[in-house]
Each structure stands twice: as structure tokens, then as C-alpha cells.
Amino acid sequence: MQNLPESMTVVAISEPGGPDVLKAERRPIPDLGPGEILIRVVAAGVNRPDVLQRKGAYPPPKGASDLPGLEVSGEVVACGEGSTRHQVGAQVTALAPGGGYAEYCKVPEGHALPIPQGLSMVEAAALPETFFTVWTNVFDRVGLKSGERFLVHGGTSGIGTTAIQLARAFGAEVFTTVGSDDKAEAVKKLGADHVINYREAAFEKVILEITEGAGVDVILDMVGGDYVERNWKAAAVEGRICQIATLNGIAENVNFSRLMVKRLTHTGSTLRPRSDAFKTAIADSLSEKVWPLIESGKIGPVMDSTFPLGEAAEAHRRMESSGHIGKIVLSVND
């Protein structure tokens, strides 16, 4: 164990509200439990769940830190009892149950992975939340296969840029939606085969035209609202839709006949409340099947912007503007 300070700087949510409720304060260094590691945070990713938590709409699970921040990169500085996966001094990136907006963050050891060769700490901090989410939902939950057609909404979001690259790398034909010409060019460079500007055309109609009525096999959606039925229209017979958020609200008065006629599967999940063992299994799959692709340069995080920890409010404003392309990251320690 390294010599550690007694306290650290964190960014906390002073009360539910807008970005300005994110306030810097001092807190004690986290105590480690069995199987946990303490990371001296170099960078922390910013994600939509952080914004929802700031607004009071996404409380942390029982036992998790009340601080926002679901992914970090940095150096292991202490190991809890029975922790053997990572040694003190190891450089890792990790999925956190919370607490990432801080100089030190504790995580279960199985949720941390080595920094992929060739990536900076800032880039590595942009990996866990989106790669864990996309892998477990797109490949494990709805089983995207090589040769299938795949649609992800919000192609320039962290989830979107990750999903496009992974789906393409594993042999799918990729469709995505974006809101501007600049974003369309960005996702084409990532390997999207078909890009639809949702401000100019109804994505479900364009997809059915491109596929000659066949539709897409798998859809990853974080929009919800009226996209539920529109996704069903765009889906192929026996298609699978996975819901991971509802940014446009809850769908009401849905006509289930299309779901029945097409024999669709519409499922969904949230990652944060799942068990440590479940997340460790995802990490092991990523280590085996995805980390080699990152280290070879075939796929990687798409970086939008970096803000100092003390400017977390500005990072949240950037995310809520929806102008970002890729990941927003906080720089915590040099």
C-alpha cells in the first residue's frame, strides 16, 4: 500500500438540480472491503446516468457512493483483503458503482481491466461504461450475429460510437440515426453503413426502403417514447429490440399487434444495479474478445472533450447540449 492522504477532493451533488449543484468538497479516502481495490483516479468518464443522478432521477444502488461517476482510469494504490487480480502500481480502467468524480475511487477488483496498450489514461477512462453496456446488451442479451442488420440510435453518443464499432467489427451491417450532417460524417468514419438524419426523414421509412421491406434484426434504443412503435416498424420479423434508456419518456398507448405479428422480442436492462459477479463476467468477456481489438487499433473510444474535475458542471452542460461526438471525460490527477 502506498502512503495515502487522509482526505481527497471530490465533486458531490449538493442537491438535485442543474449543473451548478455539482460542488467540490473534501471527503475521507474510501475504506476498502474484501475483494476491492482503491484507484488513484487520473480521469473519470461522464455519462448520461450521471446527469440523471444529478437531477435526482437515478439514485445510487444500496451501498454505493453517493458521488457521481461510473468509470475511471488510474493507478491501483491499495488492495482489500483477498484481492488478487491487480497489484499495487497497476494501471487500470474500471467500471464503478459510483464515486468516480473524486481523486480516489474504490471498485470491486473484477470490474477493473488493464489499460489497453496504446491508449492514454484519458482515453481509457472513456471505455468501461459504454463497452460494458453495449457488450452485455447487444451481444449477450439480444445476440447480434455476423451478417445481421443492426440499428443504434444516437450514433454520436458514447453508446452509439461504441456500438457502431463493435457491431461492425463483429460483422454486422450497421444503421444509425443522427441529428446533423457533421454527426453523419463522424459516424460514417466509424464504419456505419447507413446513416439517417432523424431531423430530415423518418428513420423507420428509410430503413424499410433500404432493406426492401425486410427491416433490421437488432435495435439498441435509449430514446423510448414514440420510438418504441417506430422501432417495431423498422424491425425485421423475429427482430430483437433492447431498451437501455428512455430519454424521450415512457411510451403510452402502444399497439402491441405489430409486436405479435412480427414475433418481435423487446427486452431491456440497466447495468448499475446488477451484481458484482455479473459485471465481472462482462469484464472477462471484454478482456478476451474486445481488448485485443482495441490494442490492435481496430476500435477505440471516440473522444469529444476533457474538463478538469473542478469544471464538472461545464462537462454536464456539454453533455446536455447534445452537441458532443463521443465521450466527455474529467481530468482528475496528472
# chains A, B, ... in the order shown; residues from 1 in each chain; ligands from 1
$ closest_atom_pairs --of "stretch 116-213 of chain A" --to "stretch 19-41 of chain A" --cutoff "12 Å" --atoms "only C-alpha atoms" --output "JSON lines"
{"residue": "A:Met121", "atom": "CA", "partner": "A:Val41", "partner_atom": "CA", "distance": 9.4}
{"residue": "A:Val122", "atom": "CA", "partner": "A:Val41", "partner_atom": "CA", "distance": 10.3}
{"residue": "A:Ala124", "atom": "CA", "partner": "A:Val41", "partner_atom": "CA", "distance": 11.5}
{"residue": "A:Ala125", "atom": "CA", "partner": "A:Val41", "partner_atom": "CA", "distance": 9.4}
$ select_by_dssp --residues "stretch 226-290 of chain A" --states "alpha helix (DSSP H)" --output "PyMOL selection string"
chain A and resi 227-234+257-261+276-289
$ write_last_selection --atoms "N, CA and C atoms" --output "short mmCIF file (atom, residue, chain, number, x, y, z; two decimals), in the first residue's frame"
data_model
loop_
_atom_site.label_atom_id
_atom_site.label_comp_id
_atom_site.auth_asym_id
_atom_site.auth_seq_id
_atom_site.Cartn_x
_atom_site.Cartn_y
_atom_site.Cartn_z
N TYR A 227 -40.49 6.28 -30.18
CA TYR A 227 -39.57 5.40 -30.89
C TYR A 227 -39.92 3.93 -30.68
N VAL A 228 -40.66 3.60 -29.64
CA VAL A 228 -40.98 2.20 -29.39
C VAL A 228 -41.71 1.59 -30.58
N GLU A 229 -42.82 2.20 -30.96
CA GLU A 229 -43.57 1.66 -32.10
C GLU A 229 -42.82 1.86 -33.41
N ARG A 230 -42.07 2.94 -33.53
CA ARG A 230 -41.32 3.17 -34.76
C ARG A 230 -40.21 2.11 -34.92
N ASN A 231 -39.62 1.72 -33.80
CA ASN A 231 -38.65 0.62 -33.86
C ASN A 231 -39.31 -0.67 -34.31
N TRP A 232 -40.51 -0.92 -33.82
CA TRP A 232 -41.21 -2.13 -34.23
C TRP A 232 -41.48 -2.12 -35.74
N LYS A 233 -41.78 -0.95 -36.29
CA LYS A 233 -41.99 -0.86 -37.74
C LYS A 233 -40.70 -1.15 -38.50
N ALA A 234 -39.57 -0.67 -37.95
CA ALA A 234 -38.28 -0.84 -38.63
C ALA A 234 -37.69 -2.22 -38.45
N SER A 257 -50.08 -5.14 -31.49
CA SER A 257 -50.34 -6.06 -32.60
C SER A 257 -49.12 -6.23 -33.49
N ARG A 258 -48.37 -5.15 -33.71
CA ARG A 258 -47.18 -5.25 -34.56
C ARG A 258 -46.13 -6.15 -33.91
N LEU A 259 -45.99 -6.04 -32.59
CA LEU A 259 -45.08 -6.91 -31.85
C LEU A 259 -45.46 -8.37 -32.05
N MET A 260 -46.75 -8.64 -32.01
CA MET A 260 -47.23 -10.02 -32.13
C MET A 260 -47.09 -10.54 -33.56
N VAL A 261 -47.50 -9.73 -34.52
CA VAL A 261 -47.47 -10.18 -35.91
C VAL A 261 -46.05 -10.47 -36.38
N ASP A 276 -22.05 -7.78 -8.58
CA ASP A 276 -20.62 -7.70 -8.87
C ASP A 276 -20.18 -8.86 -9.76
N ALA A 277 -20.72 -10.05 -9.50
CA ALA A 277 -20.34 -11.22 -10.30
C ALA A 277 -20.76 -11.06 -11.75
N PHE A 278 -21.94 -10.48 -11.98
CA PHE A 278 -22.42 -10.26 -13.34
C PHE A 278 -21.48 -9.31 -14.09
N LYS A 279 -21.09 -8.22 -13.44
CA LYS A 279 -20.21 -7.25 -14.08
C LYS A 279 -18.82 -7.82 -14.29
N THR A 280 -18.35 -8.65 -13.37
CA THR A 280 -17.05 -9.30 -13.54
C THR A 280 -17.07 -10.21 -14.76
N ALA A 281 -18.17 -10.90 -14.99
CA ALA A 281 -18.29 -11.77 -16.16
C ALA A 281 -18.22 -10.96 -17.45
N ILE A 282 -18.83 -9.77 -17.45
CA ILE A 282 -18.73 -8.91 -18.63
C ILE A 282 -17.27 -8.49 -18.83
N ALA A 283 -16.60 -8.09 -17.75
CA ALA A 283 -15.20 -7.68 -17.85
C ALA A 283 -14.35 -8.80 -18.44
N ASP A 284 -14.60 -10.03 -18.01
CA ASP A 284 -13.82 -11.16 -18.53
C ASP A 284 -14.07 -11.35 -20.03
N SER A 285 -15.31 -11.18 -20.46
CA SER A 285 -15.62 -11.29 -21.89
C SER A 285 -14.94 -10.19 -22.69
N LEU A 286 -14.97 -8.97 -22.17
CA LEU A 286 -14.31 -7.87 -22.85
C LEU A 286 -12.80 -8.11 -22.95
N SER A 287 -12.21 -8.60 -21.88
CA SER A 287 -10.78 -8.87 -21.88
C SER A 287 -10.41 -9.86 -22.98
N GLU A 288 -11.26 -10.86 -23.16
CA GLU A 288 -10.97 -11.91 -24.13
C GLU A 288 -11.28 -11.49 -25.57
N LYS A 289 -12.42 -10.82 -25.77
CA LYS A 289 -12.92 -10.63 -27.12
C LYS A 289 -12.79 -9.21 -27.67
#
$ closest_atom_pairs --of "stretch 29-75 of chain A" --to "stretch 130-139 of chain A" --cutoff "12 Å" --atoms "only C-alpha atoms" --output "JSON lines"
{"residue": "A:Gly45", "atom": "CA", "partner": "A:Thr130", "partner_atom": "CA", "distance": 9.9}
{"residue": "A:Val46", "atom": "CA", "partner": "A:Thr130", "partner_atom": "CA", "distance": 10.7}
{"residue": "A:Asn47", "atom": "CA", "partner": "A:Thr130", "partner_atom": "CA", "distance": 8.8}
{"residue": "A:Arg48", "atom": "CA", "partner": "A:Thr130", "partner_atom": "CA", "distance": 10.6}
{"residue": "A:Pro49", "atom": "CA", "partner": "A:Thr130", "partner_atom": "CA", "distance": 11.4}
{"residue": "A:Leu70", "atom": "CA", "partner": "A:Thr130", "partner_atom": "CA", "distance": 10.2}
{"residue": "A:Glu71", "atom": "CA", "partner": "A:Thr130", "partner_atom": "CA", "distance": 9.4}
$ write_last_selection --atoms "all heavy atoms" --output "mmCIF file, in the first residue's frame"
data_model
loop_
_atom_site.group_PDB
_atom_site.id
_atom_site.type_symbol
_atom_site.label_atom_id
_atom_site.label_comp_id
_atom_site.auth_asym_id
_atom_site.auth_seq_id
_atom_site.Cartn_x
_atom_site.Cartn_y
_atom_site.Cartn_z
ATOM 1 N N GLY A 45 -14.901 9.194 -16.631
ATOM 2 C CA GLY A 45 -15.850 9.429 -17.703
ATOM 3 C C GLY A 45 -17.121 10.092 -17.201
ATOM 4 O O GLY A 45 -17.522 9.930 -16.047
ATOM 5 N N VAL A 46 -17.752 10.854 -18.090
ATOM 6 C CA VAL A 46 -19.039 11.499 -17.805
ATOM 7 C C VAL A 46 -20.094 10.809 -18.660
ATOM 8 O O VAL A 46 -19.911 10.634 -19.871
ATOM 9 C CB VAL A 46 -18.981 13.004 -18.140
ATOM 10 C CG1 VAL A 46 -20.345 13.658 -17.925
ATOM 11 C CG2 VAL A 46 -17.912 13.691 -17.293
ATOM 12 N N ASN A 47 -21.204 10.415 -18.029
ATOM 13 C CA ASN A 47 -22.228 9.650 -18.730
ATOM 14 C C ASN A 47 -23.622 10.173 -18.408
ATOM 15 O O ASN A 47 -23.831 10.874 -17.419
ATOM 16 C CB ASN A 47 -22.131 8.173 -18.344
ATOM 17 C CG ASN A 47 -20.846 7.536 -18.830
ATOM 18 O OD1 ASN A 47 -20.718 7.199 -20.002
ATOM 19 N ND2 ASN A 47 -19.882 7.372 -17.932
ATOM 20 N N ARG A 48 -24.602 9.818 -19.249
ATOM 21 C CA ARG A 48 -25.990 10.247 -19.033
ATOM 22 C C ARG A 48 -26.522 9.866 -17.649
ATOM 23 O O ARG A 48 -27.245 10.656 -17.036
ATOM 24 C CB ARG A 48 -26.895 9.651 -20.115
ATOM 25 C CG ARG A 48 -26.739 10.297 -21.474
ATOM 26 C CD ARG A 48 -27.485 11.614 -21.573
ATOM 27 N NE ARG A 48 -27.292 12.245 -22.881
ATOM 28 C CZ ARG A 48 -27.716 13.434 -23.200
ATOM 29 N NH1 ARG A 48 -28.377 14.164 -22.310
ATOM 30 N NH2 ARG A 48 -27.488 13.941 -24.393
ATOM 31 N N PRO A 49 -26.203 8.679 -17.126
ATOM 32 C CA PRO A 49 -26.679 8.371 -15.777
ATOM 33 C C PRO A 49 -26.184 9.364 -14.728
ATOM 34 O O PRO A 49 -26.873 9.606 -13.728
ATOM 35 C CB PRO A 49 -26.124 6.967 -15.523
ATOM 36 C CG PRO A 49 -26.016 6.360 -16.880
ATOM 37 C CD PRO A 49 -25.601 7.493 -17.770
ATOM 38 N N LEU A 70 -19.235 6.754 -13.016
ATOM 39 C CA LEU A 70 -19.369 5.314 -13.181
ATOM 40 C C LEU A 70 -18.187 4.664 -13.888
ATOM 41 O O LEU A 70 -18.209 3.445 -14.126
ATOM 42 C CB LEU A 70 -20.652 5.008 -13.965
ATOM 43 C CG LEU A 70 -21.944 5.509 -13.324
ATOM 44 C CD1 LEU A 70 -23.135 5.221 -14.221
ATOM 45 C CD2 LEU A 70 -22.153 4.879 -11.949
ATOM 46 N N GLU A 71 -17.155 5.423 -14.209
ATOM 47 C CA GLU A 71 -15.977 4.832 -14.850
ATOM 48 C C GLU A 71 -14.769 5.709 -14.583
ATOM 49 O O GLU A 71 -14.860 6.933 -14.587
ATOM 50 C CB GLU A 71 -16.199 4.657 -16.358
ATOM 51 C CG GLU A 71 -16.519 5.944 -17.097
ATOM 52 C CD GLU A 71 -16.866 5.736 -18.554
ATOM 53 O OE1 GLU A 71 -16.685 4.622 -19.081
ATOM 54 O OE2 GLU A 71 -17.326 6.709 -19.191
#
$ residues_around --residues "A:Asn333" --least-positions-apart "6" --cutoff "7 Å" --atoms "only C-alpha atoms" --output "JSON, numbers by chain"
{"A": [41, 42, 43, 103]}
$ residues_around --residues "stretch 170-179 of chain A" --least-positions-apart "3" --cutoff "7 Å" --atoms "only C-alpha atoms" --output "list of chain:residue names"
A:Lys145, A:Ser146, A:Gly147, A:Glu148, A:Arg149, A:Phe150, A:Leu151, A:Val152, A:His153, A:Gly154, A:Gly155, A:Thr156, A:Ile164, A:Leu166, A:Ala167, A:Lys183, A:Ala184, A:Ala192, A:Asp193, A:His194, A:Val195, A:Ile196, A:Asn197, A:Tyr198, A:Arg199
$ write_last_selection --atoms "N, CA, C and O atoms" --output "JSON list (two decimals), in the first residue's frame"
[["chain", "number", "residue", "atom", "x", "y", "z"],
["A", 145, "LYS", "N", -25.48, -11.20, -34.42],
["A", 145, "LYS", "CA", -24.60, -12.14, -35.12],
["A", 145, "LYS", "C", -24.05, -11.50, -36.39],
["A", 145, "LYS", "O", -24.62, -10.57, -36.95],
["A", 146, "SER", "N", -22.94, -12.04, -36.84],
["A", 146, "SER", "CA", -22.34, -11.60, -38.10],
["A", 146, "SER", "C", -23.34, -11.77, -39.24],
["A", 146, "SER", "O", -24.05, -12.79, -39.31],
["A", 147, "GLY", "N", -23.44, -10.76, -40.09],
["A", 147, "GLY", "CA", -24.35, -10.82, -41.22],
["A", 147, "GLY", "C", -25.72, -10.23, -40.95],
["A", 147, "GLY", "O", -26.51, -10.03, -41.88],
["A", 148, "GLU", "N", -26.02, -9.94, -39.68],
["A", 148, "GLU", "CA", -27.32, -9.34, -39.36],
["A", 148, "GLU", "C", -27.28, -7.83, -39.53],
["A", 148, "GLU", "O", -26.21, -7.22, -39.57],
["A", 149, "ARG", "N", -28.48, -7.26, -39.61],
["A", 149, "ARG", "CA", -28.61, -5.80, -39.70],
["A", 149, "ARG", "C", -28.87, -5.25, -38.31],
["A", 149, "ARG", "O", -29.73, -5.74, -37.58],
["A", 150, "PHE", "N", -28.12, -4.18, -37.97],
["A", 150, "PHE", "CA", -28.16, -3.62, -36.62],
["A", 150, "PHE", "C", -28.40, -2.13, -36.68],
["A", 150, "PHE", "O", -27.78, -1.41, -37.46],
["A", 151, "LEU", "N", -29.32, -1.64, -35.84],
["A", 151, "LEU", "CA", -29.61, -0.21, -35.73],
["A", 151, "LEU", "C", -29.32, 0.26, -34.32],
["A", 151, "LEU", "O", -29.80, -0.34, -33.35],
["A", 152, "VAL", "N", -28.55, 1.34, -34.19],
["A", 152, "VAL", "CA", -28.38, 2.01, -32.91],
["A", 152, "VAL", "C", -28.77, 3.47, -33.09],
["A", 152, "VAL", "O", -28.36, 4.12, -34.05],
["A", 153, "HIS", "N", -29.60, 3.97, -32.18],
["A", 153, "HIS", "CA", -29.97, 5.38, -32.21],
["A", 153, "HIS", "C", -28.90, 6.21, -31.51],
["A", 153, "HIS", "O", -28.14, 5.72, -30.67],
["A", 154, "GLY", "N", -28.84, 7.49, -31.87],
["A", 154, "GLY", "CA", -27.86, 8.38, -31.24],
["A", 154, "GLY", "C", -26.44, 7.95, -31.57],
["A", 154, "GLY", "O", -25.63, 7.72, -30.66],
["A", 155, "GLY", "N", -26.13, 7.89, -32.84],
["A", 155, "GLY", "CA", -24.86, 7.32, -33.28],
["A", 155, "GLY", "C", -23.62, 8.02, -32.77],
["A", 155, "GLY", "O", -22.55, 7.40, -32.71],
["A", 156, "THR", "N", -23.71, 9.31, -32.41],
["A", 156, "THR", "CA", -22.50, 10.00, -31.95],
["A", 156, "THR", "C", -22.40, 10.07, -30.43],
["A", 156, "THR", "O", -21.46, 10.67, -29.90],
["A", 164, "ILE", "N", -21.53, 1.15, -32.82],
["A", 164, "ILE", "CA", -21.20, 1.11, -34.25],
["A", 164, "ILE", "C", -19.92, 0.33, -34.49],
["A", 164, "ILE", "O", -19.85, -0.56, -35.34],
["A", 166, "LEU", "N", -18.29, -1.86, -32.49],
["A", 166, "LEU", "CA", -18.34, -3.26, -32.11],
["A", 166, "LEU", "C", -19.18, -4.07, -33.10],
["A", 166, "LEU", "O", -18.80, -5.17, -33.50],
["A", 167, "ALA", "N", -20.34, -3.53, -33.48],
["A", 167, "ALA", "CA", -21.19, -4.25, -34.43],
["A", 167, "ALA", "C", -20.47, -4.45, -35.75],
["A", 167, "ALA", "O", -20.52, -5.55, -36.35],
["A", 183, "LYS", "N", -22.47, 15.18, -37.69],
["A", 183, "LYS", "CA", -22.53, 13.91, -36.97],
["A", 183, "LYS", "C", -22.63, 12.73, -37.95],
["A", 183, "LYS", "O", -22.07, 11.66, -37.69],
["A", 184, "ALA", "N", -23.30, 12.95, -39.06],
["A", 184, "ALA", "CA", -23.38, 11.89, -40.07],
["A", 184, "ALA", "C", -22.00, 11.54, -40.61],
["A", 184, "ALA", "O", -21.66, 10.36, -40.76],
["A", 192, "ALA", "N", -20.27, 3.12, -39.94],
["A", 192, "ALA", "CA", -21.71, 2.96, -40.15],
["A", 192, "ALA", "C", -22.00, 2.83, -41.64],
["A", 192, "ALA", "O", -21.51, 3.63, -42.45],
["A", 193, "ASP", "N", -22.79, 1.84, -42.01],
["A", 193, "ASP", "CA", -23.12, 1.61, -43.42],
["A", 193, "ASP", "C", -24.23, 2.53, -43.90],
["A", 193, "ASP", "O", -24.24, 2.95, -45.06],
["A", 194, "HIS", "N", -25.18, 2.83, -43.03],
["A", 194, "HIS", "CA", -26.33, 3.64, -43.40],
["A", 194, "HIS", "C", -26.60, 4.64, -42.28],
["A", 194, "HIS", "O", -26.79, 4.25, -41.13],
["A", 195, "VAL", "N", -26.64, 5.92, -42.62],
["A", 195, "VAL", "CA", -26.83, 6.98, -41.62],
["A", 195, "VAL", "C", -28.07, 7.78, -41.98],
["A", 195, "VAL", "O", -28.22, 8.24, -43.12],
["A", 196, "ILE", "N", -28.97, 7.94, -41.01],
["A", 196, "ILE", "CA", -30.24, 8.62, -41.23],
["A", 196, "ILE", "C", -30.30, 9.85, -40.32],
["A", 196, "ILE", "O", -30.15, 9.73, -39.10],
["A", 197, "ASN", "N", -30.51, 11.02, -40.91],
["A", 197, "ASN", "CA", -30.71, 12.23, -40.13],
["A", 197, "ASN", "C", -32.18, 12.27, -39.71],
["A", 197, "ASN", "O", -33.07, 12.48, -40.53],
["A", 198, "TYR", "N", -32.42, 12.05, -38.43],
["A", 198, "TYR", "CA", -33.80, 11.94, -37.94],
["A", 198, "TYR", "C", -34.55, 13.27, -38.03],
["A", 198, "TYR", "O", -35.79, 13.29, -37.92],
["A", 199, "ARG", "N", -33.83, 14.37, -38.22],
["A", 199, "ARG", "CA", -34.49, 15.67, -38.37],
["A", 199, "ARG", "C", -35.06, 15.85, -39.78],
["A", 199, "ARG", "O", -35.88, 16.72, -40.03]]
$ atom_distance --atom1 "atom CA of A:Ile294" --atom2 "atom CA of A:Ala312"
27.5 Å
$ closest_residue --among "A:Arg318, A:Arg263, A:Lys62, A:His111" --to "A:Ala94" --atoms "only C-alpha atoms"
A:His111
$ closest_residue --among "A:Asn255, A:Thr93, A:Ser73, A:Ser331" --to "A:Ala112" --atoms "only C-alpha atoms"
A:Thr93
$ closest_residue --among "A:Gly297, A:Gly326, A:Glu209, A:Thr9" --to "A:Ala163" --atoms "only C-alpha atoms"
A:Gly326
$ closest_residue --among "A:Phe203, A:Glu320, A:Pro97, A:Pro308" --to "A:Gly63" --atoms "only C-alpha atoms"
A:Pro97
$ closest_residue --among "A:Arg168, A:His86, A:Lys298, A:Lys262" --to "A:Gly110" --atoms "only C-alpha atoms"
A:His86
$ residues_around --residues "A:Val218" --least-positions-apart "4" --cutoff "6 Å" --atoms "only C-alpha atoms" --output "list in words"
Phe150, Gly239, Arg240 and Ile241 of chain A
$ write_last_selection --atoms "N, CA and C atoms" --output "mmCIF file, in the first residue's frame"
data_model
loop_
_atom_site.group_PDB
_atom_site.id
_atom_site.type_symbol
_atom_site.label_atom_id
_atom_site.label_comp_id
_atom_site.auth_asym_id
_atom_site.auth_seq_id
_atom_site.Cartn_x
_atom_site.Cartn_y
_atom_site.Cartn_z
ATOM 1 N N PHE A 150 -28.124 -4.183 -37.971
ATOM 2 C CA PHE A 150 -28.160 -3.621 -36.618
ATOM 3 C C PHE A 150 -28.398 -2.129 -36.684
ATOM 4 N N GLY A 239 -37.340 -9.900 -35.107
ATOM 5 C CA GLY A 239 -36.340 -8.933 -34.676
ATOM 6 C C GLY A 239 -36.259 -8.818 -33.161
ATOM 7 N N ARG A 240 -35.122 -8.284 -32.686
ATOM 8 C CA ARG A 240 -34.902 -8.127 -31.244
ATOM 9 C C ARG A 240 -34.551 -6.682 -30.947
ATOM 10 N N ILE A 241 -35.264 -6.088 -30.005
ATOM 11 C CA ILE A 241 -35.023 -4.702 -29.598
ATOM 12 C C ILE A 241 -34.601 -4.691 -28.138
#
$ closest_residue --among "A:Val51, A:Ala214, A:Ile325, A:Leu271" --to "A:Ala186" --atoms "only C-alpha atoms"
A:Ile325
$ atom_distance --atom1 "atom CA of A:Ile219" --atom2 "atom CA of A:Leu144"
9.4 Å
$ select_by_dssp --residues "stretch 39-201 of chain A" --states "strand (DSSP E or B)" --output "number ranges by chain"
A: 39-46, 71-79, 91-95, 102, 104-108, 112-114, 149-152, 173-178, 194-197
$ residues_around --residues "A:Gly225" --least-positions-apart "4" --cutoff "8 Å" --atoms "only C-alpha atoms" --output "list of chain:residue names"
A:Thr246, A:Leu247, A:Asn248, A:Gly249, A:Ile250, A:Ala251, A:Glu252
$ atom_distance --atom1 "atom CA of A:Leu113" --atom2 "atom CA of A:Asp66"
23.4 Å
